[in-house]
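Asks: Structure incoming, see below.
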Amino acid sequence: MSQSQSSRRPRGMSPGNGVADGRKMRSVIAEDPDWSLALVPSLTTLGLQHIIKHFEENPILDELMPNYKAYVLQRLPASLPLTVSANLISDESYWKRCCEGRWRLCDVSTYGNSWKRMFFERHLENIIELFIPDATDTKTVLDLVPLCRNYVKRLNVSQLLPPIKEPPGFDEDDRSDCASDMGSEGPSIDHFDFRILLDKLPNLEELNVVYGVKGCGMNFEWNLFEFTFRDCESLAKALNSCKTLQVFRIHRSKVDDEKCCMLVSQLLDHPSLQELDFSHNQISDRGARAIGKLLNRSQLKRLVVCNNQIRDSGTQVLAHALARNATLMSLNLRLNHIGDEGGQALAQALIKNKTLTNLHLGGNNMSEPTAVALSQALVENWTLKSLNLSNNRLGVDGGKLLEEGMSHNSSLVECDIRLTDVGQDSEYCIAQALRANQVQAARKNNHNYDPNAKV
């Protein structure tokens, strides 16, 4: 058939036999090979897609029916401005997408299984960690506060940046003449000022801070790891203003006695503080005396001062406070220099103290005289459950003394005596006494306890 004949074929005529058939339709080749009449979205779907597309300009969510609301939430982009999404979207699946799209590792179990809390805590932490004094506008933090204040319970700040070091604008020959003028031209602050933030977070319970820089590499300078007196003063006032704070940790920040005293002075009579951690700093006896004062004017349950420079006199003050304390349950003095005088003072405090359950004295240059005092304390103390004496030179005689004390104690279930040279016989006897105490404790906690089961 010619082209002219084909064009004159009656409508509905089959090209095969030339017979009209009403059941057959003319073929249409669409530009989209997947196009189908069945795929045309409904008017409702088109409306919901319009809401999603223009959500930033006109957020409509709570007015929708539950199934339509779920449809919109599943398709909203995670890049929405926080000014739109923060106080409007509570759906956890949306915030899960936001977290997983931004961070590779997301363990929501450490955030009370709340993706929204994880997002805002980590987002605020990132802003603080990248804050450069006198360069970053504090408005970046203050604008975020109304959006995140109800969701932030913990801040883990792993670095704080110092001000940008300006190159000198004078010749080497003029250095001596201008040195006296440079003091007045320094930065207004040394690191991020927590005073602008902490009192605006009504649910903040935990603050972990490190005054240092991560990954500085070849740009290392000592001033990158300097916790200044001005930093300490502002941090202390910020802590005092946060009445909901329960846990405060400041690690690896060169906190010395003077700075420790300033921080502690603002924490006296704090209404909610339960845990204080000064690990890996430079606190000596004077700082220990301030901490001892805090023990008698707070509700602390856990105190960690490991890897500092506390010696016997500072430990004696802590021991005196411990003897009168009725709230502290855990004390960690690992890696200090408390010696036998400090160890004996703590042992005498254990005789009077009725609340402490965990005591860590590892690596403190203690020897046999401390073992004598601890042996006597174990006979009279019935609340201590865990004692760590590792890496102390207790010796064989000290081991026998501890063995004698353990024979009269039924509360201690953990005792670490590694690297103490107490001798194998004493290690075995102490282990047997601990095993007996563990069995007894398990029976108290479980009336259906199986004596043949492992503890």
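Residues are referred to by chain and number: the chain letter is A, B, ... according to the order shown in the structure tokens, the number counts from 1 in that chain, and ligands are numbered separately from 1 in the order shown.
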Can you tell me, as a list in words, what residues are no more than 10 Å from A:Glu258 when counting only C-alpha atoms, ignoring any on the same chain fewer than 5 positions away?
Replies: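 Here the qualifying residues turn out to be Phe229, Cys232, Leu263, Ile283, Ser284, Arg286, Gly287 and Ala290 of chain A.
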Asks: List as a PyMOL selection string the protein and nucleic acid residues near A:Glu226, meaning an atom at most 8 Å away when only C-alpha atoms are counted, but skip any in the same chain fewer than 6 places from it.
Replies: chain A and resi 211-212+253-254
Asks: Taking the DSSP assignment computed from this structure's backbone, write out as a PDB file with C-alpha atoms, in the first residue's frame all residues of stretch 169-350 of chain A that belong to strand (DSSP E or B).
Replies:
```pdb
ATOM      1  CA  GLU A 206      25.877  17.112  81.378  1.00  0.00           C
ATOM      2  CA  LEU A 207      28.822  19.182  80.107  1.00  0.00           C
ATOM      3  CA  ASN A 208      32.135  17.690  78.936  1.00  0.00           C
ATOM      4  CA  VAL A 209      34.840  20.161  77.891  1.00  0.00           C
ATOM      5  CA  VAL A 247      27.633  16.136  85.459  1.00  0.00           C
ATOM      6  CA  PHE A 248      30.670  18.321  84.711  1.00  0.00           C
ATOM      7  CA  ARG A 249      33.882  16.990  83.196  1.00  0.00           C
ATOM      8  CA  ILE A 250      36.934  18.968  82.130  1.00  0.00           C
ATOM      9  CA  GLU A 275      29.427  14.073  89.246  1.00  0.00           C
ATOM     10  CA  LEU A 276      32.669  16.058  88.959  1.00  0.00           C
ATOM     11  CA  ASP A 277      35.596  14.918  86.807  1.00  0.00           C
ATOM     12  CA  ARG A 302      30.974  10.575  91.950  1.00  0.00           C
ATOM     13  CA  LEU A 303      34.345  12.350  92.071  1.00  0.00           C
ATOM     14  CA  VAL A 304      37.171  11.644  89.597  1.00  0.00           C
ATOM     15  CA  SER A 330      32.586   6.624  93.934  1.00  0.00           C
ATOM     16  CA  LEU A 331      36.054   8.178  94.354  1.00  0.00           C
ATOM     17  CA  ASN A 332      38.807   7.825  91.731  1.00  0.00           C
TER      18      ASN A 332
END
```
Asks: So what do you get for atom CA of A:Gly395 versus atom CA of A:Ser279, distance-wise?
Replies: 28.2 Å
Asks: Output as an NGL selection string all residues of stretch 68-218 of chain A that backbone DSSP marks as helix (DSSP H, G or I).
Replies: :A and (68-75 or 82-85 or 92-102 or 108-111 or 115-129 or 139-142 or 145-148 or 172-185 or 194-196 or 198-200 or 217-218)
Asks: Any idea what's packed within 12 Å of A:Ala70, counting only C-alpha atoms, ignoring anything in its chain fewer than 3 positions away? Could you give it as a PyMOL selection string?
Replies: chain A and resi 48+52+61-62+64-67+73-76+89-94
Asks: Considering only C-alpha atoms, return as a ChimeraX atom specification whatever protein or nucleic-acid residues lie within 10 Å of A:Thr44, sequence-local ones (same chain, fewer than 5 positions apart) excluded.
Replies: /A:49-50,68
Asks: Keeping only N, CA, C and O atoms, write the selected residues to a file as a PDB file, in the first residue's frame.
Replies:
```
ATOM      1  N   GLN A  49       2.156  16.936  47.027  1.00  0.00           N
ATOM      2  CA  GLN A  49       3.441  17.248  46.418  1.00  0.00           C
ATOM      3  C   GLN A  49       3.675  18.754  46.363  1.00  0.00           C
ATOM      4  O   GLN A  49       4.807  19.222  46.520  1.00  0.00           O
ATOM      5  N   HIS A  50       2.626  19.505  46.159  1.00  0.00           N
ATOM      6  CA  HIS A  50       2.742  20.959  46.176  1.00  0.00           C
ATOM      7  C   HIS A  50       3.120  21.455  47.578  1.00  0.00           C
ATOM      8  O   HIS A  50       3.956  22.359  47.722  1.00  0.00           O
ATOM      9  N   TYR A  68      -1.946  11.616  55.428  1.00  0.00           N
ATOM     10  CA  TYR A  68      -1.352  12.624  54.564  1.00  0.00           C
ATOM     11  C   TYR A  68      -0.120  13.229  55.226  1.00  0.00           C
ATOM     12  O   TYR A  68       0.883  13.539  54.566  1.00  0.00           O
TER      13      TYR A  68
END
```
Asks: In Å, how far is it from atom CA of A:Asn307 to atom CA of A:Ser234?
Replies: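 Separation of atom CA of A:Asn307 and atom CA of A:Ser234: 24.9 Å.
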Asks: Can you tell me how far atom CA of A:Ile132 sits from atom CA of A:Leu161, in Å to one decimal?
Replies: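 Going from atom CA of A:Ile132 over to atom CA of A:Leu161, I get 5.8 Å.
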Asks: Which residues are near A:Gly314? Cut-off 6 Å, only C-alpha atoms, ignore same chain within fewer than 4 positions. Put them as an mmCIF file with all heavy atoms, in the first residue's frame.
Replies:
```cif
data_model
loop_
_atom_site.group_PDB
_atom_site.id
_atom_site.type_symbol
_atom_site.label_atom_id
_atom_site.label_comp_id
_atom_site.auth_asym_id
_atom_site.auth_seq_id
_atom_site.Cartn_x
_atom_site.Cartn_y
_atom_site.Cartn_z
ATOM 1 N N ASP A 285 47.915 19.836 95.820
ATOM 2 C CA ASP A 285 47.309 19.786 97.146
ATOM 3 C C ASP A 285 46.346 20.936 97.409
ATOM 4 O O ASP A 285 45.308 20.754 98.052
ATOM 5 C CB ASP A 285 48.404 19.771 98.212
ATOM 6 C CG ASP A 285 49.202 18.477 98.180
ATOM 7 O OD1 ASP A 285 48.671 17.477 97.660
ATOM 8 O OD2 ASP A 285 50.350 18.463 98.649
ATOM 9 N N ALA A 288 43.196 20.157 95.800
ATOM 10 C CA ALA A 288 42.542 19.071 96.529
ATOM 11 C C ALA A 288 41.817 19.594 97.766
ATOM 12 O O ALA A 288 40.741 19.102 98.127
ATOM 13 C CB ALA A 288 43.569 18.016 96.918
ATOM 14 N N ARG A 289 42.402 20.595 98.430
ATOM 15 C CA ARG A 289 41.739 21.174 99.602
ATOM 16 C C ARG A 289 40.424 21.850 99.200
ATOM 17 O O ARG A 289 39.425 21.771 99.926
ATOM 18 C CB ARG A 289 42.675 22.171 100.294
ATOM 19 C CG ARG A 289 43.812 21.520 101.059
ATOM 20 C CD ARG A 289 44.515 22.497 101.981
ATOM 21 N NE ARG A 289 45.302 23.474 101.236
ATOM 22 C CZ ARG A 289 46.570 23.292 100.876
ATOM 23 N NH1 ARG A 289 47.188 22.155 101.202
ATOM 24 N NH2 ARG A 289 47.228 24.229 100.229
ATOM 25 N N ILE A 310 48.180 15.276 93.052
ATOM 26 C CA ILE A 310 47.783 15.343 94.468
ATOM 27 C C ILE A 310 48.712 14.471 95.304
ATOM 28 O O ILE A 310 48.950 13.304 94.976
ATOM 29 C CB ILE A 310 46.320 14.889 94.630
ATOM 30 C CG1 ILE A 310 45.397 15.803 93.818
ATOM 31 C CG2 ILE A 310 45.916 14.889 96.093
ATOM 32 C CD1 ILE A 310 43.952 15.373 93.822
#
```
Asks: Pick out the residues sitting within 10 Å of A:Lys243, and hand them over as a list in words; count only C-alpha atoms, and ignore anything fewer than 6 positions along from it in its own chain.
Replies: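 Returned residues: Leu198, Asp199, Leu201, Pro202, Asn203, Leu204, Glu205, Leu267, His270, Pro271, Ser272 and Leu273 of chain A.
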Asks: Which neighbours of A:Asn87 fall inside 9 Å, counting only C-alpha atoms, when residues of the same chain fewer than 5 positions from it are skipped, and could you give them as a list in words?
Replies: Leu82, Leu147 and Cys148 of chain A
Asks: Go ahead and save the picked residues with N, CA and C atoms, as an mmCIF file, in the first residue's frame.
Replies:
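Result file out-v1.cif:
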```cif
data_model
loop_
_atom_site.group_PDB
_atom_site.id
_atom_site.type_symbol
_atom_site.label_atom_id
_atom_site.label_comp_id
_atom_site.auth_asym_id
_atom_site.auth_seq_id
_atom_site.Cartn_x
_atom_site.Cartn_y
_atom_site.Cartn_z
ATOM 1 N N LEU A 82 16.460 25.012 59.802
ATOM 2 C CA LEU A 82 16.048 24.662 61.160
ATOM 3 C C LEU A 82 14.983 25.609 61.686
ATOM 4 N N LEU A 147 15.794 27.327 68.998
ATOM 5 C CA LEU A 147 15.442 26.144 68.223
ATOM 6 C C LEU A 147 15.835 24.848 68.927
ATOM 7 N N CYS A 148 16.925 24.872 69.716
ATOM 8 C CA CYS A 148 17.448 23.626 70.292
ATOM 9 C C CYS A 148 17.303 23.539 71.807
#
```
